[in-house]
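Shown here: final20.cif, mmCIF, C-alpha atoms.
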```cif
data_final
#
loop_
_atom_site.label_atom_id
_atom_site.label_comp_id
_atom_site.auth_asym_id
_atom_site.auth_seq_id
_atom_site.Cartn_x
_atom_site.Cartn_y
_atom_site.Cartn_z
CA MET A 208 128.13 168.98 86.66
CA ASN A 209 124.76 167.65 85.78
CA ASP A 210 123.61 167.66 82.16
CA ASP A 211 121.61 170.89 82.29
CA VAL A 212 124.48 172.76 83.86
CA ARG A 213 126.92 171.32 81.38
CA ARG A 214 124.74 172.32 78.44
CA GLU A 215 124.27 175.84 79.72
CA VAL A 216 128.01 176.34 80.17
CA ALA A 217 128.88 174.66 76.87
CA SER A 218 126.33 176.56 74.78
CA PHE A 219 127.47 179.85 76.21
CA ILE A 220 131.14 179.09 75.62
CA GLU A 221 130.58 177.96 72.05
CA THR A 222 128.39 180.92 71.21
CA ILE A 223 130.75 183.64 72.41
CA LYS A 224 133.38 182.34 70.01
CA LEU A 225 131.11 183.00 67.04
CA PRO A 226 130.63 186.19 65.05
CA PHE A 227 127.60 188.08 66.25
CA GLN A 228 125.43 187.28 63.21
CA ASP A 229 125.97 183.51 63.55
CA ARG A 230 124.96 183.25 67.17
CA SER A 231 121.26 182.83 66.89
CA THR A 232 121.48 180.10 64.24
CA TYR A 233 123.97 178.26 66.40
CA LEU A 234 121.84 178.62 69.52
CA GLU A 235 118.82 177.29 67.75
CA THR A 236 120.69 174.09 66.94
CA ALA A 237 122.49 173.83 70.26
CA CYS A 238 119.35 174.28 72.36
CA SER A 239 117.28 172.12 70.03
CA GLY A 240 113.86 173.28 71.14
CA ASP A 241 114.79 173.77 74.79
CA GLU A 242 113.37 177.27 75.16
CA ASN A 243 114.34 177.55 78.79
CA LEU A 244 117.98 176.85 78.03
CA ARG A 245 117.93 179.21 75.11
CA ARG A 246 116.53 182.06 77.19
CA LYS A 247 119.14 181.50 79.86
CA VAL A 248 122.02 181.50 77.40
CA GLU A 249 120.69 184.55 75.58
CA ALA A 250 120.49 186.48 78.83
CA LEU A 251 124.07 185.49 79.61
CA LEU A 252 125.23 186.59 76.17
CA GLU A 253 123.55 189.94 76.64
CA ALA A 254 125.45 190.40 79.93
CA HIS A 255 128.67 189.17 78.34
CA ASP A 256 128.46 191.79 75.59
CA ARG A 257 128.53 194.66 78.06
CA ILE A 258 130.69 193.05 80.74
CA GLY A 259 133.30 195.84 80.72
CA ASN A 260 135.84 195.34 83.47
CA PHE A 261 133.41 193.72 85.88
CA LEU A 262 135.43 191.63 88.38
CA GLU A 263 138.67 192.52 86.63
CA GLU A 264 139.57 195.11 89.24
CA PRO A 265 141.10 193.85 92.47
CA PRO A 266 138.45 193.74 95.19
CA PHE A 267 140.16 196.15 97.49
CA GLY A 268 142.29 199.20 97.64
CA PRO A 269 143.24 201.85 100.14
CA SER A 270 140.64 203.87 101.94
CA ILE A 271 138.77 206.19 99.65
CA GLU A 272 137.07 208.24 102.34
CA MET B 211 148.20 176.57 116.90
CA LYS B 212 149.02 176.65 120.60
CA GLU B 213 150.46 180.16 120.68
CA ILE B 214 147.69 181.58 118.55
CA ASP B 215 145.14 180.33 121.05
CA GLN B 216 146.56 182.69 123.64
CA LEU B 217 145.56 185.75 121.66
CA PRO B 218 142.43 187.51 122.83
CA GLN B 219 139.34 186.91 120.79
CA ALA B 220 138.13 189.62 118.47
CA GLU B 221 134.72 191.20 118.79
CA ALA B 222 134.11 191.13 115.09
CA GLU B 223 134.95 187.71 113.87
CA PRO B 224 133.54 186.85 110.50
CA GLU B 225 130.61 184.56 110.95
CA GLY B 226 131.73 181.96 108.49
CA LEU B 227 135.07 181.56 110.14
CA ARG B 228 133.61 181.47 113.60
CA ALA B 229 131.60 178.47 112.63
CA ARG B 230 134.72 176.68 111.55
CA SER B 231 136.82 177.45 114.53
CA THR B 232 136.70 179.47 117.68
CA LYS B 233 140.41 180.11 117.59
CA ILE B 234 140.59 183.10 115.31
CA PRO B 235 143.97 184.82 115.61
CA VAL B 236 142.56 188.30 115.75
CA ALA B 237 143.12 190.73 118.56
CA ARG B 238 140.98 193.45 120.00
CA GLY B 239 141.89 197.03 119.40
CA THR B 240 144.24 198.48 116.90
CA LEU B 241 146.17 196.49 114.44
CA THR B 242 149.51 197.76 115.60
CA GLY B 243 148.47 196.58 119.03
CA TYR B 244 147.81 193.19 117.59
CA ILE B 245 151.18 193.01 115.89
CA ARG B 246 152.91 194.00 119.11
CA GLN B 247 151.19 191.44 121.26
CA ALA B 248 151.38 188.64 118.75
CA PRO B 249 153.98 186.21 120.02
CA ARG B 250 156.67 185.13 117.62
CA VAL B 251 154.86 182.07 116.39
CA ASP B 252 156.55 179.57 114.22
CA ASN B 253 153.82 179.90 111.66
CA MET B 254 156.04 178.53 108.99
CA SER B 255 156.29 175.09 110.47
CA ASP B 256 152.60 175.17 111.47
CA ALA B 257 151.59 175.75 107.88
CA THR B 258 153.90 173.06 106.57
CA VAL B 259 152.57 170.55 109.08
CA MET B 260 148.98 171.44 108.17
CA LEU B 261 149.62 171.10 104.47
CA ALA B 262 151.08 167.66 105.05
CA ALA B 263 148.07 166.73 107.17
CA ILE B 264 145.64 167.94 104.52
CA LYS B 265 147.44 165.85 101.96
CA ALA B 266 147.06 162.87 104.26
CA GLY B 267 143.31 163.48 104.32
CA ASP B 268 142.89 165.33 107.62
CA SER B 269 139.96 167.69 107.06
CA LYS B 270 140.42 169.47 110.37
CA ALA B 271 143.83 170.61 109.17
CA ALA B 272 142.17 172.47 106.28
CA ASP B 273 140.15 174.50 108.78
CA GLU B 274 143.23 175.21 110.84
CA LEU B 275 145.13 176.30 107.76
CA LEU B 276 142.32 178.66 106.87
CA VAL B 277 142.53 180.29 110.28
CA LEU B 278 146.29 180.64 110.06
CA VAL B 279 146.14 182.07 106.56
CA TYR B 280 143.34 184.41 107.54
CA GLY B 281 145.40 185.92 110.34
CA GLU B 282 148.48 186.27 108.20
CA LEU B 283 146.65 187.90 105.31
CA ARG B 284 144.94 190.41 107.56
CA ARG B 285 148.21 191.34 109.16
CA LEU B 286 150.00 191.66 105.84
CA ALA B 287 147.21 193.68 104.25
CA ALA B 288 147.06 196.18 107.06
CA SER B 289 150.81 196.66 107.36
CA LYS B 290 151.07 197.14 103.60
CA LEU B 291 148.23 199.59 103.44
CA ALA B 292 149.78 201.58 106.25
CA MET B 293 152.87 202.03 104.09
CA GLU B 294 151.29 202.45 100.67
CA ALA B 295 151.06 205.83 99.04
CA PRO B 296 147.49 207.13 99.00
CA GLY B 297 145.49 206.09 95.99
CA GLN B 298 147.45 202.94 95.40
CA THR B 299 145.60 199.70 95.07
CA LEU B 300 146.55 196.67 97.02
CA GLN B 301 146.91 193.60 94.88
CA PRO B 302 145.48 190.46 96.48
CA THR B 303 147.88 188.38 94.45
CA ALA B 304 150.88 190.08 96.04
CA LEU B 305 149.46 189.42 99.49
CA VAL B 306 148.76 185.80 98.75
CA HIS B 307 152.22 185.14 97.41
CA GLU B 308 153.85 186.93 100.28
CA ALA B 309 151.74 184.93 102.71
CA TRP B 310 152.96 181.78 100.98
CA LEU B 311 156.58 182.80 101.47
CA ARG B 312 156.04 183.75 105.08
CA LEU B 313 154.02 180.71 106.05
CA VAL B 314 155.53 177.99 103.93
CA GLY B 315 158.75 179.42 102.55
CA ASP B 316 160.29 177.81 99.52
CA ARG B 317 160.71 174.49 101.26
CA SER B 318 157.73 172.95 99.62
CA SER B 319 157.84 172.72 95.89
CA SER B 320 154.81 170.51 95.45
CA PHE B 321 152.09 172.24 93.55
CA LYS B 322 149.59 170.14 95.45
CA ASP B 323 150.59 172.09 98.54
CA ARG B 324 150.09 175.36 96.74
CA GLU B 325 146.66 174.24 95.68
CA HIS B 326 145.45 173.80 99.26
CA PHE B 327 147.16 176.95 100.32
CA PHE B 328 145.66 179.12 97.59
CA ARG B 329 142.21 177.73 98.18
CA ALA B 330 142.53 178.69 101.84
CA CYS B 331 143.79 182.13 100.80
CA ALA B 332 140.86 182.73 98.49
CA GLU B 333 138.42 181.77 101.20
CA ALA B 334 140.19 183.82 103.85
CA MET B 335 140.34 186.87 101.61
CA ARG B 336 136.66 186.60 100.89
CA HIS B 337 135.91 186.51 104.61
CA ILE B 338 138.12 189.51 105.27
CA LEU B 339 136.52 191.60 102.56
CA ILE B 340 132.94 190.63 103.24
CA ASP B 341 133.31 191.12 106.96
CA ARG B 342 134.66 194.59 106.39
CA ALA B 343 131.99 195.48 103.88
CA ARG B 344 129.37 194.42 106.43
CA ARG B 345 130.91 196.49 109.15
CA ARG B 346 131.10 199.52 106.88
CA GLN B 347 127.51 199.11 105.93
CA THR B 348 126.48 198.88 109.57
CA MET B 349 128.47 201.98 110.41
CA ARG B 350 126.90 203.89 107.56
CA HIS B 351 123.35 202.84 108.19
CA GLY B 352 123.42 202.69 111.95
CA GLY B 353 125.16 205.98 112.54
CA ASN B 354 127.71 204.17 114.61
CA TYR B 355 130.39 206.82 114.37
CA GLN B 356 132.89 205.60 116.86
CA ARG B 357 136.56 206.04 116.24
CA VAL B 358 137.67 204.00 113.29
CA ASP B 359 141.03 202.37 113.67
CA LEU B 360 143.36 201.60 110.87
CA GLU B 361 142.03 198.10 111.04
CA ASP B 362 138.55 199.22 110.10
CA ALA B 363 139.52 201.81 107.55
CA ASP B 364 142.16 199.98 105.61
CA LEU B 365 140.63 197.49 103.25
CA VAL B 366 138.00 199.16 101.21
CA ALA B 367 136.54 197.90 98.03
CA PRO B 368 137.16 200.37 95.23
CA ALA B 369 133.52 199.83 94.52
CA LEU B 370 131.07 200.15 97.39
CA PRO B 371 130.61 197.71 100.24
CA ASP B 372 127.12 197.09 98.90
CA ASP B 373 128.56 195.87 95.60
CA LEU B 374 130.80 193.44 97.38
CA LEU B 375 127.99 192.09 99.52
CA ASP B 376 125.76 191.70 96.49
CA LEU B 377 128.54 189.89 94.70
CA ASN B 378 129.04 187.60 97.65
CA GLU B 379 125.38 186.70 97.74
CA ALA B 380 125.31 186.07 94.01
CA LEU B 381 128.44 183.96 94.31
CA ASP B 382 126.85 181.71 96.92
CA LYS B 383 123.94 181.14 94.61
CA PHE B 384 126.27 180.55 91.68
CA ALA B 385 128.25 178.00 93.72
CA SER B 386 125.19 175.89 94.37
CA GLU B 387 124.61 175.49 90.65
CA PHE B 388 128.12 175.80 89.27
CA PRO B 389 130.59 174.75 91.98
CA ALA B 390 133.69 174.48 89.79
CA GLN B 391 133.11 177.84 88.14
CA ALA B 392 132.48 179.45 91.53
CA GLU B 393 135.73 178.04 92.86
CA LEU B 394 137.45 179.65 89.93
CA VAL B 395 135.93 183.04 90.77
CA LYS B 396 137.19 182.78 94.33
CA LEU B 397 140.71 181.95 93.24
CA ARG B 398 140.79 184.55 90.51
CA TYR B 399 138.96 187.43 92.15
CA PHE B 400 139.54 187.04 95.87
CA ALA B 401 143.03 185.53 95.80
CA GLY B 402 144.00 187.44 92.66
CA LEU B 403 145.55 184.44 90.96
CA THR B 404 146.42 184.56 87.28
CA ILE B 405 144.66 182.48 84.64
CA GLU B 406 147.75 180.26 84.49
CA GLU B 407 147.85 179.70 88.24
CA VAL B 408 144.17 178.88 88.36
CA SER B 409 144.66 176.46 85.50
CA GLU B 410 147.38 174.61 87.39
CA ILE B 411 145.55 174.59 90.70
CA MET B 412 142.27 173.36 89.28
CA GLY B 413 143.88 171.01 86.80
CA ILE B 414 142.02 172.42 83.81
CA SER B 415 143.36 173.96 80.60
CA ILE B 416 144.00 177.66 80.23
CA SER B 417 141.30 178.00 77.61
CA THR B 418 138.79 176.31 79.91
CA VAL B 419 139.71 178.75 82.66
CA LYS B 420 139.10 181.65 80.28
CA ASN B 421 135.78 180.21 79.16
CA TYR B 422 134.57 179.52 82.69
CA TRP B 423 135.69 182.98 83.75
CA ALA B 424 133.67 184.60 80.97
CA PHE B 425 130.67 182.47 81.88
CA ALA B 426 130.96 183.27 85.59
CA ARG B 427 131.27 187.02 85.04
CA ALA B 428 128.23 187.13 82.78
CA TRP B 429 126.21 184.98 85.18
CA LEU B 430 127.14 187.03 88.24
CA LEU B 431 126.50 190.37 86.56
CA LYS B 432 123.09 189.25 85.46
CA GLU B 433 122.24 187.82 88.87
CA ILE B 434 123.31 190.97 90.73
CA GLU B 435 121.26 193.13 88.38
CA SER B 436 118.14 191.06 88.63
CA GLU B 437 118.38 191.03 92.44
CA ARG B 438 118.60 194.80 92.43
CA GLU B 439 115.61 195.16 90.18
CA ALA B 440 113.57 192.81 92.29
#
```

Rewritten as structure tokens:
Amino acid sequence: MNDDVRREVASFIETIKLPFQDRSTYLETACSGDENLRRKVEALLEAHDRIGNFLEEPPFGPSIE
Amino acid sequence: MKEIDQLPQAEAEPEGLRARSTKIPVARGTLTGYIRQAPRVDNMSDATVMLAAIKAGDSKAADELLVLVYGELRRLAASKLAMEAPGQTLQPTALVHEAWLRLVGDRSSSFKDREHFFRACAEAMRHILIDRARRRQTMRHGGNYQRVDLEDADLVAPALPDDLLDLNEALDKFASEFPAQAELVKLRYFAGLTIEEVSEIMGISISTVKNYWAFARAWLLKEIESEREA
């Protein structure tokens, strides 16, 4: 993993462990002025919060038609 | 692979697999036809030999293993679905483990062997599902209403073929940026492996698997949505 990729993964992982209200303070520090990174992670967090059972169902079943 | 070569070639080989090998063990016509004409191959020793070769660094053996696993999984999936009660969902993980027992048996206890095997399974399963989703889409859009054999009707995503194809596209993109996390998705989603199994195979901790999994799901959901909006 290059550094950008590592930071994106790491910031996301650390942030989802935090209570909702602490996230943005943490992100501010973690991204330290890197707006691009911050936007990316925020978009991921938004998706994470409504992930539901996406990809948790097996990809196939019997015919449904 | 000698005996497998004698099988007729299929009309609808998945493109990705065709590029790897021209010796796809898939027969024309119905699946039952395929099972009948398939010679009694000693797949078990083939797989064991290939696993040993992969361990010794033979990259061609990995391709051959993929082809073998692909054929076995397809056969298993179809025969299971033919027997399942309607409405039941086929678990990829059950297929993968049964394929392991049939192709390798319990002779090999090395987890390193399982690693190569499960990676091949994940890849083969992805090809099977994507190929089917493509064919379904073509049938739907092209009005190609010819008789659909069991083989074509059996494996259906509970979601729509479009969803699966979108996921596959997003996954390719994901893999170019996040190869390790994409590998995890293949093992977890397409081969149905548990968090613990993925952890062992990839040599990373269980909590890392969970974290990567959460990251991958969020990333893929977002990517699929933004492609649809575009």

Requested in this report: Starting from the displayed file, determine the output of the PyMOL selection byres ((chain A and resi 224-238) around 12) and express the residue list as number ranges by chain.
Outcome: A: 211, 214-223, 239-249, 252-253, 255-256; B: 417, 420-421, 424

Query raised in the report: Mind pulling up the distance from atom CA of Leu286 of chain B to atom CA of Ala385 of chain B?
Result: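 According to the coordinates, atom CA of Ala385 of chain B and atom CA of Leu286 of chain B are separated by 28.4 Å.
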
Query - Output of the PyMOL selection byres ((chain B and resi 264-270) around 12), listed as a PyMOL selection string - result: chain B and resi 230-231+257-263+271-277+320-327+330

Report task. Could you jot down the atom CA of Val395 of chain B to atom CA of Val306 of chain B separation for me, Å, one decimal place? Result ->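 Here the two named atoms are 15.4 Å from each other.
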
Requested in this report: Grab the atom CA of Leu394 of chain B to atom CA of Leu311 of chain B distance for me, in Å with one decimal place.
Outcome: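 Result for atom CA of Leu394 of chain B versus atom CA of Leu311 of chain B: 22.6 Å, one decimal.
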
Query raised in the report: So which one's closest to Asp373 of chain B, B:Ala428, B:Leu339, B:Leu305, B:Ile416? Using all atoms listed in the file, please.
Result: B:Leu339

Query - Residue among B:Glu439, B:Glu387, B:Asp256, B:Glu410 lying closest to chain A, counting all atoms listed in the file - result: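 For chain A, the nearest of the candidates is B:Glu387.
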
Show which residues sit within 7 Å of Pro265 of chain A, as a CSV table (one decimal) with C-alpha atoms, keeping the file's coordinate frame. Count all atoms listed in the file, and ignore same-chain residues fewer than 6 positions away.
```csv
chain,number,residue,atom,x,y,z
B,301,GLN,CA,146.9,193.6,94.9
B,302,PRO,CA,145.5,190.5,96.5
B,399,TYR,CA,139.0,187.4,92.2
```

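Between Ile258 of chain A and the residues B:Ala440, B:Leu278, B:Leu431, B:Ala292, the shortest atom-to-atom distance, using all atoms listed in the file, involves B:Leu431.
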
Report task. Using only C-alpha atoms, find the one residue out of B:Gly315, B:Phe328, B:Ala304, B:Met412 that sits nearest to chain A. Result -> B:Ala304

Query raised in the report: Hey, what comes out of the PyMOL selection byres ((chain B and resi 284) around 9) on this file? Could you write it as a PyMOL selection string?
Result: chain B and resi 236+279-283+285-289+334-335+338+361

Create the file for the chosen residues now, containing C-alpha atoms and written as a tab-separated table (two decimals), keeping the file's coordinate frame.
```tsv
chain	number	residue	atom	x	y	z
B	236	VAL	CA	142.56	188.30	115.75
B	279	VAL	CA	146.14	182.07	106.56
B	280	TYR	CA	143.34	184.41	107.54
B	281	GLY	CA	145.40	185.92	110.34
B	282	GLU	CA	148.48	186.27	108.20
B	283	LEU	CA	146.65	187.90	105.31
B	285	ARG	CA	148.21	191.34	109.16
B	286	LEU	CA	150.00	191.66	105.84
B	287	ALA	CA	147.21	193.68	104.25
B	288	ALA	CA	147.06	196.18	107.06
B	289	SER	CA	150.81	196.66	107.36
B	334	ALA	CA	140.19	183.82	103.85
B	335	MET	CA	140.34	186.87	101.61
B	338	ILE	CA	138.12	189.51	105.27
B	361	GLU	CA	142.03	198.10	111.04
```

**Report entry** Within 9 Å of segment 376-384 of chain B using only C-alpha atoms, minus same-chain residues under 5 positions, as an NGL selection string
**Finding:** :B and (336 or 340 or 371 or 389 or 391-392 or 395-396 or 426 or 429-431 or 433-434 or 437-438)
